[in-house]
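Trainee: The following block contains the structure, expressed as structure tokens.
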Amino acid sequence: MKREPFGTHLEATTLGETVRAFVPPALPPDPPLAFMAGSQRALDRAMLSLGRLDGIATTMPEVDLLLYTFVRKEAVLSSQIEGTQSTLDELLAHEIAAVPGAAGDDVREVSRYVDAMNHGLERMAGGFPLSTRLLREMHGILLADGRGAQKQPGEFRRSQNWIGGTRPGNADFVPPPPTHLDECLTNLERYLHEPATPVVKAALAHAQFETIHPFLDGNGRVGRLLITLMLCHDGVLHKPLLYPSLYFKQHRPQYYAELNAVRATGDYERWVDFFAEAIRHSAEVAIETGRRIARAFREDRVQLRAVPRIAGSLLMIQEALQTKPVATVATLRAATGLTTPTVNSLLRELEARSIVKETTGRARDRVYVYRRYLDALAAEEEAPVRIGASKDARDAVGSSHLRSVHS
């Protein structure tokens, strides 16, 4: 449904140019959302899939092992939407300091995304309200150092920003002036606690946050973090096993087009349709991936139990790799208490059985991955990238044409 005229356009001046900044109306939409039968079915399917995903949190013994990598997968994918080129295996290697000195800005940014998500979830678990203050705290962690350190980490912007274009005058979209941020964010925070269908509320809140664009940088990543926070806050998910950024990345042009349709005409219904399908698909992918990984764990345990004399030690290595699927001899020695020669011997046995794979090709500082685990995580997108490979060897992710210039 198009709502025209929609929102308010105000004149704002930035970098010496006068632009038309957009101030969105407060949520919920007025007139109220009017869903066709197909839209309601899409919402029902999304909620059903979320329920199934949440169900595995109580029925699958390996769920806490999956949570470690699922949260990091969402961090990688959300950051790739914004143009970073770090991969999941690089992030996991960075976290165990497996490639000394090799971590670039991209992988450090993704690591901070994980920290920001964990901070938000832990704060809410401790009783802190879902609020714009919490989003500011998470933003402060996300942009703590590196390329974002000069973009007012943890603070709402005090200057005008824009999206797309080479300058304010040819921008694709100009968010609200800083003088209107307080009003916009107060309305958004109020809406976060209103009773509504959780998928609809998350869809509208995400679109509203991206339209307000309250930070100088990191808006896309914080906005996608908000989706997970809301679904956990509203009790739809008890653990953040969802990684919707996979769908958004795979459908990036449509993702931005649907957000723009909201800003242009107030077509919330069309956006909610897209968002509901993204959530449904993401939940189903997470369910299948979780089952695939759990099956690999079980099958490998059966295989290793049958190995004469060293079955117990092999299972100790496998258990450590289930916890962190990228490892070095040192990290495995620390996790298992086994000696270095024993760990090396066991890794050779696991390599021969195609359970682990050495990824660097080096004689020293070797990095091992739990092959079936990472292959299962990558099955719904591209093949895993070898740790230590040059960026030129990767598929370029590319920056979005809607990425902020002064944002």
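Just so we're on the same page: first chain in the structure tokens is A, next is B, and so on; residues restart at 1 for each chain, and ligands are numbered from 1 in the order they show up.
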Would you give me, as a Markdown table, each residue of region 215-324 of chain A having an atom within 10 Å of an atom of region 138-143 of chain A, along with its shortest atom pair and that distance in Å to one decimal, using only C-alpha atoms and sorting by chain and residue number?
Mentor:
```
| residue | atom | partner | partner_atom | distance |
| --- | --- | --- | --- | --- |
| A:Phe215 | CA | A:His139 | CA | 8.4 |
| A:Asp217 | CA | A:Leu143 | CA | 8.2 |
| A:Gly218 | CA | A:His139 | CA | 7.2 |
| A:Asn219 | CA | A:His139 | CA | 8.6 |
| A:Arg221 | CA | A:Leu142 | CA | 8.8 |
| A:Val222 | CA | A:His139 | CA | 6.7 |
| A:Leu225 | CA | A:Met138 | CA | 9.1 |
```
Trainee: Would you put the residues from that selection into a file with C-alpha atoms, as a CSV table (one decimal), in the first residue's frame?
Mentor:
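Ended up saving to again-v2.csv:
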```csv
chain,number,residue,atom,x,y,z
A,215,PHE,CA,25.2,7.1,13.4
A,217,ASP,CA,29.0,4.9,10.4
A,218,GLY,CA,27.8,1.3,11.1
A,219,ASN,CA,24.1,1.9,10.6
A,221,ARG,CA,25.3,-3.5,10.9
A,222,VAL,CA,23.6,-2.1,14.0
A,225,LEU,CA,21.9,-6.5,15.0
```
Trainee: Which residues of region 21-71 of chain A come within 6 Å of region 166-184 of chain A, and what is each one's closest atom pair and distance in Å (one decimal), counting only C-alpha atoms, sorted by chain and residue number, as a tab-separated table?
Mentor:
```
residue	atom	partner	partner_atom	distance
A:Ala21	CA	A:Val174	CA	4.8
A:Phe22	CA	A:Pro176	CA	5.1
A:Val23	CA	A:Pro176	CA	4.9
```
Trainee: Any chance you can output those residues with C-alpha atoms as an mmCIF file, in the first residue's frame?
Mentor:
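This is the output file out.cif:
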```
data_model
loop_
_atom_site.group_PDB
_atom_site.id
_atom_site.type_symbol
_atom_site.label_atom_id
_atom_site.label_comp_id
_atom_site.auth_asym_id
_atom_site.auth_seq_id
_atom_site.Cartn_x
_atom_site.Cartn_y
_atom_site.Cartn_z
ATOM 1 C CA ALA A 21 16.275 15.580 4.292
ATOM 2 C CA PHE A 22 13.546 13.051 5.033
ATOM 3 C CA VAL A 23 11.886 12.650 8.432
#
```
Trainee: Would you work out the distance separating CA of Thr84 (chain A) from CA of Asp105 (chain A), expressed in Å to one decimal?
Mentor: 8.7 Å
Trainee: Using only C-alpha atoms, determine which residues lie at most 8 Å from Ala57 (chain A), disregarding the query and same-chain residues fewer than 6 positions distant; provide the list as a list of chain:residue names.
Mentor: A:Val63, A:His238, A:Lys239
Trainee: Would you mind telling me which residue in A:Gln254, A:Gln160, A:Ser313, A:Thr339 lies nearest to Thr14 (chain A) when using only C-alpha atoms?
Mentor: A:Gln160
Trainee: Could you tell me which of A:Pro28, A:Gly165, A:Pro214, A:Pro61 comes closest to Thr132 (chain A) if we count only C-alpha atoms?
Mentor: A:Pro214
Trainee: My list of candidates is A:Val307, A:Leu66, A:Val107, A:Val302. Which is closest to Leu321 (chain A) when distances are computed with only C-alpha atoms?
Mentor: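 Among the listed residues, A:Leu66 lies closest to Leu321 (chain A).
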Trainee: Report, in Å with one decimal, the straight-line distance from CA of Ser345 (chain A) to CA of Glu299 (chain A).
Mentor: 21.4 Å
Trainee: Write out as a list in words the residues lying within 7 Å of region 283-293 of chain A, counting only C-alpha atoms and excluding same-chain residues fewer than 4 positions away.
Mentor: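 Near neighbours after the sequence-gap exclusion: Ser49, Leu50, Leu53, Leu66, Leu242, Ile279, Phe297, Tyr373, Ala376 and Leu377 of chain A.
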Trainee: Which value, in Å to one decimal, gives the distance between CA of Lys249 (chain A) and CA of Ile81 (chain A)?
Mentor: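 One can read the CA of Lys249 (chain A) to CA of Ile81 (chain A) distance as 5.7 Å.
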Trainee: Any idea what's packed within 9 Å of Ala261 (chain A), counting only C-alpha atoms, ignoring anything in its chain fewer than 6 positions away? Could you give it as a PyMOL selection string?
Mentor: chain A and resi 2+267-268+270-271
Trainee: Between A:Val19, A:Leu92, A:Ala26, A:Ile317, which has the minimum distance to Phe209 (chain A) (counting only C-alpha atoms)?
Mentor: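 Result for the nearest residue to Phe209 (chain A): A:Ala26.
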Trainee: Pick from A:Met124, A:Ala257, A:Met117, A:Leu91: nearest to Gly223 (chain A), with only C-alpha atoms counted?
Mentor: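 The closest residue to Gly223 (chain A) is A:Met117.
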Trainee: What parts of region 99-178 of chain A does DSSP call helix (DSSP H, G or I)? I'd like the answer as a count of residues only.
Mentor: 39
Trainee: Could you check which of A:Ser79, A:Ser354, A:Thr211, A:Thr228 is closest to Glu258 (chain A), using only C-alpha atoms?
Mentor: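 Nearest candidate to Glu258 (chain A) out of A:Ser79, A:Ser354, A:Thr211, A:Thr228: A:Thr211.
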Trainee: Set out as JSON lines a contact list for region 75-176 of chain A and region 191-195 of chain A with a cut-off of 10 Å, giving each residue of region 75-176 of chain A that qualifies its closest atom pair and distance in Å to one decimal, counting only C-alpha atoms, ordered by chain and rising residue number.
Mentor:
```
{"residue": "A:Pro129", "atom": "CA", "partner": "A:His193", "partner_atom": "CA", "distance": 9.5}
{"residue": "A:Leu130", "atom": "CA", "partner": "A:Leu192", "partner_atom": "CA", "distance": 7.5}
{"residue": "A:Ser131", "atom": "CA", "partner": "A:Leu192", "partner_atom": "CA", "distance": 7.9}
{"residue": "A:Thr132", "atom": "CA", "partner": "A:Leu192", "partner_atom": "CA", "distance": 9.8}
```
Trainee: Restrict the selected residues to N, CA and C atoms and save them as a PDB file, in the first residue's frame.
Mentor:
```pdb
ATOM      1  N   PRO A 129      17.017  -2.866  29.459  1.00  0.00           N
ATOM      2  CA  PRO A 129      15.961  -2.788  28.435  1.00  0.00           C
ATOM      3  C   PRO A 129      16.517  -2.660  27.017  1.00  0.00           C
ATOM      4  N   LEU A 130      15.771  -3.192  26.068  1.00  0.00           N
ATOM      5  CA  LEU A 130      16.066  -2.949  24.666  1.00  0.00           C
ATOM      6  C   LEU A 130      15.778  -1.480  24.401  1.00  0.00           C
ATOM      7  N   SER A 131      16.795  -0.725  24.036  1.00  0.00           N
ATOM      8  CA  SER A 131      16.667   0.726  24.005  1.00  0.00           C
ATOM      9  C   SER A 131      17.707   1.340  23.078  1.00  0.00           C
ATOM     10  N   THR A 132      17.528   2.614  22.770  1.00  0.00           N
ATOM     11  CA  THR A 132      18.518   3.317  21.962  1.00  0.00           C
ATOM     12  C   THR A 132      19.837   3.449  22.725  1.00  0.00           C
TER      13      THR A 132
END
```
